[in-house]
$ cat coords06.pdb   # PDB, C-alpha atoms
ATOM      1  CA  MET A   1      38.673   4.587 -18.686  1.00  0.00           C
ATOM      2  CA  ALA A   2      36.884   1.267 -19.143  1.00  0.00           C
ATOM      3  CA  VAL A   3      36.585   0.807 -15.373  1.00  0.00           C
ATOM      4  CA  ALA A   4      35.062   4.264 -14.945  1.00  0.00           C
ATOM      5  CA  ALA A   5      32.557   3.573 -17.727  1.00  0.00           C
ATOM      6  CA  ARG A   6      31.632   0.228 -16.171  1.00  0.00           C
ATOM      7  CA  VAL A   7      31.121   1.844 -12.751  1.00  0.00           C
ATOM      8  CA  TRP A   8      28.968   4.545 -14.358  1.00  0.00           C
ATOM      9  CA  LEU A   9      26.815   1.931 -16.129  1.00  0.00           C
ATOM     10  CA  LEU A  10      26.392  -0.091 -12.939  1.00  0.00           C
ATOM     11  CA  GLU A  11      25.371   3.023 -11.019  1.00  0.00           C
ATOM     12  CA  LYS A  12      22.923   4.009 -13.757  1.00  0.00           C
ATOM     13  CA  HIS A  13      21.407   0.500 -13.702  1.00  0.00           C
ATOM     14  CA  ARG A  14      21.141   0.559  -9.900  1.00  0.00           C
ATOM     15  CA  MET A  15      19.341   3.924  -9.981  1.00  0.00           C
ATOM     16  CA  GLY A  16      17.021   2.646 -12.707  1.00  0.00           C
ATOM     17  CA  VAL A  17      16.102  -0.361 -10.583  1.00  0.00           C
ATOM     18  CA  LYS A  18      15.423   1.899  -7.612  1.00  0.00           C
ATOM     19  CA  ARG A  19      13.169   4.137  -9.691  1.00  0.00           C
ATOM     20  CA  ALA A  20      11.303   1.184 -11.190  1.00  0.00           C
ATOM     21  CA  GLY A  21      10.579  -0.242  -7.751  1.00  0.00           C
ATOM     22  CA  ARG A  22       9.512   3.132  -6.487  1.00  0.00           C
ATOM     23  CA  GLY A  23       7.085   3.528  -9.404  1.00  0.00           C
ATOM     24  CA  ILE A  24       5.328   0.279  -8.567  1.00  0.00           C
ATOM     25  CA  MET A  25       5.085   1.253  -4.896  1.00  0.00           C
ATOM     26  CA  ASP A  26       3.724   4.692  -5.809  1.00  0.00           C
ATOM     27  CA  LYS A  27       0.999   3.096  -7.920  1.00  0.00           C
ATOM     28  CA  LEU A  28       0.076   0.710  -5.130  1.00  0.00           C
ATOM     29  CA  VAL A  29      -0.064   3.476  -2.541  1.00  0.00           C
ATOM     30  CA  ALA A  30      -2.099   5.709  -4.878  1.00  0.00           C
ATOM     31  CA  GLY A  31      -4.611   2.914  -5.421  1.00  0.00           C
ATOM     32  CA  LEU A  32      -4.940   2.292  -1.694  1.00  0.00           C
ATOM     33  CA  VAL A  33      -5.390   6.008  -1.034  1.00  0.00           C
ATOM     34  CA  VAL A  34      -8.173   6.238  -3.626  1.00  0.00           C
ATOM     35  CA  LEU A  35      -9.828   3.187  -2.060  1.00  0.00           C
ATOM     36  CA  ALA A  36      -9.612   4.641   1.456  1.00  0.00           C
ATOM     37  CA  VAL A  37     -10.880   8.084   0.421  1.00  0.00           C
ATOM     38  CA  SER A  38     -13.796   6.537  -1.448  1.00  0.00           C
ATOM     39  CA  GLY A  39     -14.730   4.348   1.497  1.00  0.00           C
ATOM     40  CA  VAL A  40     -14.543   7.175   4.016  1.00  0.00           C
ATOM     41  CA  SER A  41     -16.520   9.497   1.715  1.00  0.00           C
ATOM     42  CA  ILE A  42     -19.301   6.952   1.221  1.00  0.00           C
ATOM     43  CA  LEU A  43     -19.409   6.284   4.959  1.00  0.00           C
ATOM     44  CA  ALA A  44     -19.613  10.016   5.756  1.00  0.00           C
ATOM     45  CA  TYR A  45     -22.347  10.623   3.168  1.00  0.00           C
ATOM     46  CA  GLN A  46     -24.558   7.595   3.804  1.00  0.00           C
ATOM     47  CA  HIS A  47     -23.965   7.076   7.542  1.00  0.00           C
ATOM     48  CA  PRO A  48     -23.081  10.420   9.142  1.00  0.00           C
ATOM     49  CA  ALA A  49     -23.599   9.184  12.722  1.00  0.00           C
ATOM     50  CA  ALA A  50     -21.176   6.293  12.233  1.00  0.00           C
ATOM     51  CA  TYR A  51     -18.643   8.553  10.543  1.00  0.00           C
ATOM     52  CA  SER A  52     -18.917  11.042  13.391  1.00  0.00           C
ATOM     53  CA  LYS A  53     -17.745   8.337  15.799  1.00  0.00           C
ATOM     54  CA  LEU A  54     -14.911   7.308  13.485  1.00  0.00           C
ATOM     55  CA  SER A  55     -13.746  10.781  12.442  1.00  0.00           C
ATOM     56  CA  THR A  56     -12.188  11.680  15.784  1.00  0.00           C
ATOM     57  CA  PHE A  57     -10.003   8.584  15.592  1.00  0.00           C
ATOM     58  CA  LEU A  58      -9.047   9.361  11.977  1.00  0.00           C
ATOM     59  CA  VAL A  59      -8.163  13.009  12.612  1.00  0.00           C
ATOM     60  CA  VAL A  60      -6.165  12.215  15.761  1.00  0.00           C
ATOM     61  CA  GLY A  61      -4.462   9.307  13.967  1.00  0.00           C
ATOM     62  CA  LEU A  62      -3.442  11.512  11.044  1.00  0.00           C
ATOM     63  CA  ALA A  63      -2.201  14.181  13.466  1.00  0.00           C
ATOM     64  CA  CYS A  64      -0.063  11.548  15.224  1.00  0.00           C
ATOM     65  CA  VAL A  65       1.341  10.388  11.883  1.00  0.00           C
ATOM     66  CA  LEU A  66       2.160  13.992  10.945  1.00  0.00           C
ATOM     67  CA  LEU A  67       3.857  14.522  14.314  1.00  0.00           C
ATOM     68  CA  GLY A  68       5.804  11.296  13.827  1.00  0.00           C
ATOM     69  CA  VAL A  69       6.942  12.450  10.385  1.00  0.00           C
ATOM     70  CA  ALA A  70       8.122  15.760  11.819  1.00  0.00           C
ATOM     71  CA  VAL A  71      10.036  13.970  14.593  1.00  0.00           C
ATOM     72  CA  TRP A  72      11.554  11.526  12.070  1.00  0.00           C
ATOM     73  CA  ASN A  73      12.739  14.285   9.726  1.00  0.00           C
ATOM     74  CA  SER A  74      14.173  16.271  12.634  1.00  0.00           C
ATOM     75  CA  ALA A  75      15.956  13.213  14.027  1.00  0.00           C
ATOM     76  CA  VAL A  76      17.468  12.383  10.639  1.00  0.00           C
ATOM     77  CA  SER A  77      18.714  15.962  10.179  1.00  0.00           C
ATOM     78  CA  LEU A  78      20.104  16.159  13.709  1.00  0.00           C
ATOM     79  CA  THR A  79      21.866  12.811  13.352  1.00  0.00           C
ATOM     80  CA  TYR A  80      23.436  13.923  10.078  1.00  0.00           C
ATOM     81  CA  SER A  81      24.621  17.209  11.541  1.00  0.00           C
ATOM     82  CA  LYS A  82      26.274  15.369  14.442  1.00  0.00           C
ATOM     83  CA  LEU A  83      27.873  12.610  12.337  1.00  0.00           C
ATOM     84  CA  VAL A  84      29.051  14.646   9.355  1.00  0.00           C
ATOM     85  CA  LYS A  85      31.859  16.120  11.453  1.00  0.00           C
ATOM     86  CA  HIS A  86      33.406  12.653  11.715  1.00  0.00           C
ATOM     87  CA  LEU A  87      33.248  11.866   7.989  1.00  0.00           C
ATOM     88  CA  PRO A  88      35.931  12.755   5.440  1.00  0.00           C
ATOM     89  CA  MET A  89      35.006  15.882   3.452  1.00  0.00           C
ATOM     90  CA  ALA A  90      35.018  13.896   0.212  1.00  0.00           C
ATOM     91  CA  THR A  91      32.003  11.875   1.401  1.00  0.00           C
ATOM     92  CA  TRP A  92      29.839  14.749   2.649  1.00  0.00           C
ATOM     93  CA  GLU A  93      27.920  15.175  -0.602  1.00  0.00           C
ATOM     94  CA  GLU A  94      27.127  11.466  -0.900  1.00  0.00           C
ATOM     95  CA  ALA A  95      26.152  11.293   2.784  1.00  0.00           C
ATOM     96  CA  SER A  96      23.870  14.290   2.314  1.00  0.00           C
ATOM     97  CA  LYS A  97      22.099  12.569  -0.593  1.00  0.00           C
ATOM     98  CA  GLU A  98      21.598   9.432   1.488  1.00  0.00           C
ATOM     99  CA  ILE A  99      20.200  11.463   4.384  1.00  0.00           C
ATOM    100  CA  GLU A 100      17.775  13.282   2.083  1.00  0.00           C
ATOM    101  CA  ALA A 101      16.590   9.892   0.813  1.00  0.00           C
ATOM    102  CA  LEU A 102      15.718   8.906   4.398  1.00  0.00           C
ATOM    103  CA  LYS A 103      13.505  11.931   4.993  1.00  0.00           C
ATOM    104  CA  VAL A 104       9.792  11.957   4.309  1.00  0.00           C
ATOM    105  CA  THR A 105       9.302  14.265   1.329  1.00  0.00           C
ATOM    106  CA  ILE A 106       7.125  17.368   1.107  1.00  0.00           C
ATOM    107  CA  PRO A 107       4.461  15.777  -1.166  1.00  0.00           C
ATOM    108  CA  TRP A 108       3.774  13.149   1.510  1.00  0.00           C
ATOM    109  CA  ILE A 109       3.507  15.804   4.216  1.00  0.00           C
ATOM    110  CA  VAL A 110       1.143  17.870   2.064  1.00  0.00           C
ATOM    111  CA  GLY A 111      -0.883  14.699   1.451  1.00  0.00           C
ATOM    112  CA  PHE A 112      -1.241  14.070   5.189  1.00  0.00           C
ATOM    113  CA  VAL A 113      -2.348  17.662   5.797  1.00  0.00           C
ATOM    114  CA  LEU A 114      -4.865  17.541   2.924  1.00  0.00           C
ATOM    115  CA  ALA A 115      -6.224  14.222   4.197  1.00  0.00           C
ATOM    116  CA  GLN A 116      -6.707  15.742   7.629  1.00  0.00           C
ATOM    117  CA  LEU A 117      -8.490  18.761   6.164  1.00  0.00           C
ATOM    118  CA  TYR A 118     -10.719  16.462   4.100  1.00  0.00           C
ATOM    119  CA  MET A 119     -11.631  14.429   7.196  1.00  0.00           C
ATOM    120  CA  LEU A 120     -12.560  17.651   9.004  1.00  0.00           C
ATOM    121  CA  PHE A 121     -14.644  18.759   6.018  1.00  0.00           C
ATOM    122  CA  LEU A 122     -16.525  15.462   6.051  1.00  0.00           C
ATOM    123  CA  GLU A 123     -17.144  15.862   9.789  1.00  0.00           C
ATOM    124  CA  PHE A 124     -18.261  19.493   9.880  1.00  0.00           C
ATOM    125  CA  GLY A 125     -18.858  20.745   6.328  1.00  0.00           C
ATOM    126  CA  LEU A 126     -20.750  17.853   4.739  1.00  0.00           C
ATOM    127  CA  PRO A 127     -23.565  17.712   7.316  1.00  0.00           C
ATOM    128  CA  THR A 128     -24.103  21.444   6.860  1.00  0.00           C
ATOM    129  CA  LEU A 129     -24.301  21.053   3.089  1.00  0.00           C
ATOM    130  CA  LEU A 130     -26.685  18.112   3.345  1.00  0.00           C
ATOM    131  CA  ARG A 131     -29.081  20.003   5.634  1.00  0.00           C
ATOM    132  CA  GLU A 132     -29.506  22.913   3.219  1.00  0.00           C
TER
END

$ encode --input "coords06.pdb" --output "structure tokens"
Amino acid sequence: MAVAARVWLLEKHRMGVKRAGRGIMDKLVAGLVVLAVSGVSILAYQHPAAYSKLSTFLVVGLACVLLGVAVWNSAVSLTYSKLVKHLPMATWEEASKEIEALKVTIPWIVGFVLAQLYMLFLEFGLPTLLRE
């Protein structure tokens, strides 16, 4: 009983450390995203000609990232489906959790799509609004 309790406490501590590290990284990434969006917005508003040259690169770059994420998630799922046959049944659930941790999550994918839509708005919608 004592060994099981000790293992449970160690696992709980390990998960807490993972979450704490993830929280710091999320805050850093959120700050960088706000900085990038602000910079791109100011550039698009104050220097539309310069942004027009840059926007194609940004939209294509984000599309490539989104394609890479789709390929990554598909590769992880395909690898799991091929390897799970060779694992003991008792480890399938744990292996599935580890595989899900490797995938890029839906909020990130939605963020990439929204960023791409925002870049397109700055390219085509903002100049129209500024002219009127």

$ atom_distance --input "coords06.pdb" --atom1 "CA of Arg131 in chain A" --atom2 "CA of Ala115 in chain A"
23.6 Å

$ atom_distance --input "coords06.pdb" --atom1 "CA of Gln116 in chain A" --atom2 "CA of Thr56 in chain A"
10.6 Å

$ resolve_selection --input "coords06.pdb" --expression "the PyMOL selection byres ((chain A and resi 48-52) around 12)" --output "compact mmCIF listing (two decimals) with C-alpha atoms, keeping the file's coordinate frame"
# COMPACT_ATOMS: atom_id res chain seq x y z
CA GLY A 39 -14.73 4.35 1.50
CA VAL A 40 -14.54 7.18 4.02
CA SER A 41 -16.52 9.50 1.72
CA ILE A 42 -19.30 6.95 1.22
CA LEU A 43 -19.41 6.28 4.96
CA ALA A 44 -19.61 10.02 5.76
CA TYR A 45 -22.35 10.62 3.17
CA GLN A 46 -24.56 7.60 3.80
CA HIS A 47 -23.96 7.08 7.54
CA LYS A 53 -17.74 8.34 15.80
CA LEU A 54 -14.91 7.31 13.48
CA SER A 55 -13.75 10.78 12.44
CA THR A 56 -12.19 11.68 15.78
CA PHE A 57 -10.00 8.58 15.59
CA LEU A 58 -9.05 9.36 11.98
CA VAL A 59 -8.16 13.01 12.61
CA MET A 119 -11.63 14.43 7.20
CA LEU A 120 -12.56 17.65 9.00
CA PHE A 121 -14.64 18.76 6.02
CA LEU A 122 -16.52 15.46 6.05
CA GLU A 123 -17.14 15.86 9.79
CA PHE A 124 -18.26 19.49 9.88
CA GLY A 125 -18.86 20.74 6.33
CA LEU A 126 -20.75 17.85 4.74
CA PRO A 127 -23.56 17.71 7.32
CA THR A 128 -24.10 21.44 6.86
CA LEU A 130 -26.68 18.11 3.34
CA ARG A 131 -29.08 20.00 5.63

$ residues_around --input "coords06.pdb" --residues "Val65 in chain A" --least-positions-apart "2" --cutoff "12 Å" --atoms "only C-alpha atoms" --output "PDB file with C-alpha atoms, keeping the file's coordinate frame"
ATOM      1  CA  LEU A  58      -9.047   9.361  11.977  1.00  0.00           C
ATOM      2  CA  VAL A  59      -8.163  13.009  12.612  1.00  0.00           C
ATOM      3  CA  VAL A  60      -6.165  12.215  15.761  1.00  0.00           C
ATOM      4  CA  GLY A  61      -4.462   9.307  13.967  1.00  0.00           C
ATOM      5  CA  LEU A  62      -3.442  11.512  11.044  1.00  0.00           C
ATOM      6  CA  ALA A  63      -2.201  14.181  13.466  1.00  0.00           C
ATOM      7  CA  LEU A  67       3.857  14.522  14.314  1.00  0.00           C
ATOM      8  CA  GLY A  68       5.804  11.296  13.827  1.00  0.00           C
ATOM      9  CA  VAL A  69       6.942  12.450  10.385  1.00  0.00           C
ATOM     10  CA  ALA A  70       8.122  15.760  11.819  1.00  0.00           C
ATOM     11  CA  VAL A  71      10.036  13.970  14.593  1.00  0.00           C
ATOM     12  CA  TRP A  72      11.554  11.526  12.070  1.00  0.00           C
ATOM     13  CA  VAL A 104       9.792  11.957   4.309  1.00  0.00           C
ATOM     14  CA  TRP A 108       3.774  13.149   1.510  1.00  0.00           C
ATOM     15  CA  ILE A 109       3.507  15.804   4.216  1.00  0.00           C
ATOM     16  CA  GLY A 111      -0.883  14.699   1.451  1.00  0.00           C
ATOM     17  CA  PHE A 112      -1.241  14.070   5.189  1.00  0.00           C
ATOM     18  CA  VAL A 113      -2.348  17.662   5.797  1.00  0.00           C
ATOM     19  CA  ALA A 115      -6.224  14.222   4.197  1.00  0.00           C
ATOM     20  CA  GLN A 116      -6.707  15.742   7.629  1.00  0.00           C
TER      21      GLN A 116
END

$ atom_distance --input "coords06.pdb" --atom1 "CA of Thr105 in chain A" --atom2 "CA of Val34 in chain A"
19.9 Å

$ residues_around --input "coords06.pdb" --residues "Val84 in chain A" --least-positions-apart "5" --cutoff "10 Å" --atoms "all atoms listed in the file" --output "list in words"
Thr79, Met89, Thr91, Trp92, Ala95 and Ser96 of chain A

$ axis_aligned_box --input "coords06.pdb" --around "range 107-120 of chain A" --padding-each-side "5 Å" --output "JSON"
{"center_x": -4.0, "center_y": 16.0, "center_z": 3.9, "size_x": 27.0, "size_y": 15.6, "size_z": 20.2}
